[in-house]
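To start, the structure itself, in structure tokens.
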Amino acid sequence: MKQYGLVIDQEACWGCKTCEVACKQENGAADGIKLIYVSEDGPRMVDGEPYFVFRVNVCRHCDDPPCADACPEEAITKREDGIVVMDYEQCTGCQLCIEACPYNAITFDPDKGVAQKCNLCHHRVDKGLLPACADNICLAHCIFFGDPEEISQTLDPLTP
Amino acid sequence: MPEFVSSNIAKEMEIYGYDSVVKSHCRMCHGGCGVLIYLKDGKVAKIAGDPDCPINHGTLCSKGLASAQLAYHPDRLTTPVRRIGPKASGKWERISWDEALDTIAERILRYKEEFGAESIVPGYGTGRENEAVIYRFANLLGTPNVLTAGHFCYGPRIATSILTCGTNPIVDYENHPKCIMVWGNNLVISNPDCYKGEPFSVSLDKGAKLIAVDPRLTRIAARSDVWLPLRPGTDTALALGMLNVIVNEELYDREFVENHVHGWKPFVERVNEYPLNKVEKITWVPAEKIREAARLFATTRPAAIQWGVAIEQQVNCADNNRALMALMGLTGNIDIPGGQMLFSPPKIRNVGQFGAHKMLSKEQAKKRLGGERFRLGGNFAIINPKCVWDAILEEKPYPVKMLFLISSNPVMTRGNAREVYRALEKVEFMAVSDFFLTPTAELADIVLPAATWLEMDYIGDFWKRHGHILPRRKAISVGECRSDHEMLNDLAHRVGQGEYWWDTFEGGLDYILEPMGISWRDFKKMDFIRGDVTYQKYKEKGFSTPTGKFELYSTLLEKWGYDPLPRFREAPESPVSTPELYKDYPYILITGRRLPGFFHSENRQVPWLRELHREPVVEIHPETAEKEGIKEGDWILIESPRGKVRQRAKFFAGMDPRIVSAEHAWWFPEKRDPGHGWDESNINILTDNAYESCDPAMGATHVRTLLCKIYPEKTEGDNS
């Protein structure tokens, strides 16, 4: 089956954070809860050259997601198309998934008492719409949706 | 298997059950992106970029996406209000539009009668595309005084480019420059003026070489082929140094120089005053780096300079602009594909014509505040703000009795904020039109509820120089809010200007479009109109300057009594110009870093945007922080001879340790007292606005580089 994921060309990101707000508009996460976020790496010197890049962080929809293994409620499942979905109805707020995620891509909403992460806008994808962050909003055109292997072949080797 | 198409309007409508979608034109910054507004039950449900728009190609920024949160904000002013307590008491009562406008009209007529029209000063900030309407109102009223940001933002680009080559040279990203020199600009964050970050980004992806001139290591600088981290405020010297290389290594375009420039000989003499060893000393940039950048820029065709406001908010404002234009001209990049285009606008009534400048009598124009001192600004109907504060506080050369600030928050955004505040406290009558009760509006007598871009019809980008106009279509109404255009159209009737205005402002839109033989109703059905695109028009018609040439040597500046050639002036406060002061204030403070989500003093109350950046942050080099006993995340005080404010320290190794980089325009709408924390973190408490420190021709206030000291904020009981 065709696999879905996000591929981000980190070198191209300008740090404008439009993706963060596009995600808010679509998914309505509470204040302080970011399902996708941009952070800074640097400035520092690397091999005698000044170095400063932005890093867009979001759920990697891992092949073998450690968050799913960690969840005692089986609230996190990987679909056949590769999308790792967290079911907020099933989540009891134990936060074991947050500890298990190696990418800091899961966060806790204390008001709702549940963990939150990017579900790859599966409610849109299932209807044939692109995820909000990947729907041509990025001025750097650096967020791609589709089969990660296919996309990565067309990009620089620096992609995650 | 679903087929994925980006910006899939039909499917969005179907899946989400939106009622309609309106194509429009955003104005959350200085304007310009095509947008799709999805509506449900009469309210904005979603905003997206318009893929058919030639400006942004479907992409958008955080501000545009968050527009509905601005429009529907619970703090938004939705009716006119009148102050019923002392200024800044926060005591207001609702009044009707009729009562509000009649009160304002009565004051206007009274002051005009008693003190002359010049005692009434309308104004705007960066302008919410209300500029031409405000000038029309002012000129017909007979006041030569319109208080704007034009003295130090965009106005200088227009004024100096008209002097030099007839119009503002715009980078032609559509045809992909092969070398881009980004000069003190972070357009991927700010999307400034005639530009959006998207086409720049695409040109880079296509392989353009990149030169970055910036004291800070922005991402643009980090990605560049050559980064020139200059000492803040030394831009003219750096540009003249590059020109020196280009002239002496004969890297210039011979045909262009032989046939199309004015003042070559004296220009060469001037650039010879700036050899690289001297320029290195002034700018802190190694001579070899300057040479490398100059060679790369001059030998890569087409090449372009991406410039903006940073170099305009300096004592060297006009000469900074003119030196950069000299670089564009000498290298033959003017009006060529992928270079720096002199775009022709669509054949409409332009902002100057609509602004009715010719209706202002010569006698009244002569009374323009500061017009004799700042003659470049004055000739473009632009005034220096201190002239207005002095006219209020000292009543010199005559009293200003009334301010009418339409989308402007000068206590946050003009130099020497305490003086601005005193003037606003003193002025006899002040009306404001805005979205919120800002720190400035809290000092007003009457505040009118302004419409956002979602709530108006207008001809978007009407004032720009990129050659396009785009329809802004009204999608919603909020409370009793009115667009500034409708408001002034109504007020104009009440002060006796009715014959020059219309029943509703749709008549004004028709008037702008009339020369094209179309009406607003026709234009509303179109995506955009673009002027004719032709290259190297100067070869047939010459340049639209007094000599018909590209004026390296400005005959108009000479006529007005200024140096006709660009030269470098040391900043009013710097290690070089004020070495004694530098001992007590041992850091160079820069004040203009741009942040995603904010537009000057706007948007601090919009949740999705404030979440991007919650507090004012001052960047300090880690070595400097250690020396000053500052820890990352500390609230620190930044102090200049004029005052001190607090911002939160962040370590930033991407600049010289002698530089400190603060943020501007911070106030705190969440603080409910009427001051809203206007003087806690406001960097303009520190800046100066003395006439001597302003650009002598343009009157630009020098707010971008000054001297400061920094130290940790002591909390109570802390004796360390």
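Labeling convention for the structure tokens: chains A, B, ... as they appear, residues from 1 per chain, ligands from 1 in order of appearance.
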
Counting only C-alpha atoms, what is within 9 Å of stretch 116-121 of chain A, bar same-chain residues fewer than 5 positions away, as number ranges by chain? A: 4-6, 23, 26-27, 29, 33-36, 58-61, 83-86, 88, 105-109, 126, 129-132

Could you pull out the alpha helix (DSSP H) residues of stretch 599-701 of chain B, going by DSSP on the backbone, and write them as a VMD selection string? chain B and resid 607 to 610 622 to 628

Residues near B:Leu706, anyone? I mean within 12 Å using only C-alpha atoms, not counting same-chain ones fewer than 2 positions away, as a compact mmCIF listing (two decimals) with C-alpha atoms, in the first residue's frame.
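Saved result, out-v9.txt, follows:
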# COMPACT_ATOMS: atom_id res chain seq x y z
CA ARG B 231 29.27 47.51 12.08
CA PRO B 232 25.70 48.79 12.45
CA GLY B 233 25.10 52.10 10.70
CA GLN B 313 15.98 54.47 9.82
CA GLN B 314 19.41 56.04 10.03
CA VAL B 315 21.14 59.37 9.68
CA GLY B 415 11.82 57.82 18.34
CA GLU B 570 29.08 58.43 11.37
CA ALA B 571 26.02 57.58 13.50
CA PRO B 572 25.07 60.29 16.03
CA GLU B 573 26.06 57.94 18.86
CA SER B 574 28.83 55.43 18.22
CA PRO B 575 32.24 54.34 19.45
CA VAL B 576 33.69 56.74 16.87
CA SER B 577 31.46 59.82 17.13
CA THR B 578 30.95 59.79 20.92
CA LEU B 581 29.72 58.28 25.97
CA TYR B 582 30.93 54.87 24.75
CA TYR B 585 27.42 52.88 27.32
CA PRO B 586 29.80 50.28 25.92
CA TYR B 587 27.53 48.39 23.48
CA ILE B 588 26.05 49.17 20.11
CA LEU B 589 22.31 48.62 20.31
CA ILE B 590 20.38 47.64 17.19
CA THR B 591 16.62 47.70 17.37
CA GLY B 592 14.99 46.32 14.27
CA ILE B 638 18.87 48.03 28.52
CA GLU B 639 19.76 51.64 29.15
CA SER B 640 20.65 54.61 26.95
CA PRO B 641 21.15 58.25 27.95
CA ARG B 642 17.38 58.67 27.45
CA ARG B 658 30.01 44.51 20.93
CA ILE B 659 26.46 44.46 19.53
CA VAL B 660 23.20 44.01 21.46
CA SER B 661 20.03 43.34 19.46
CA ALA B 662 16.67 44.32 20.96
CA ILE B 683 12.82 50.32 22.79
CA ASN B 684 11.88 53.82 21.66
CA LEU B 686 15.94 54.64 24.47
CA THR B 687 16.08 56.15 20.99
CA ASP B 688 16.72 59.80 20.21
CA ASN B 689 14.86 62.04 17.79
CA SER B 693 20.56 63.11 14.54
CA THR B 701 14.75 59.52 12.63
CA HIS B 702 17.86 57.57 13.51
CA VAL B 703 16.39 54.73 15.60
CA ARG B 704 18.36 51.68 14.45
CA CYS B 708 23.56 51.27 25.47
CA LYS B 709 24.57 49.49 28.64

Taking only C-alpha atoms into account, report as a PyMOL selection string which residues of chain B lie within 7 Å of chain A. chain B and resi 2-4+6-7+49+58-62+65+188-189+197-198+201+219+222+596+608+611+652-654

One-decimal distance in Å that lies between atom CA of B:Arg291 and atom CA of B:Glu249: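 The value is 10.0 Å.
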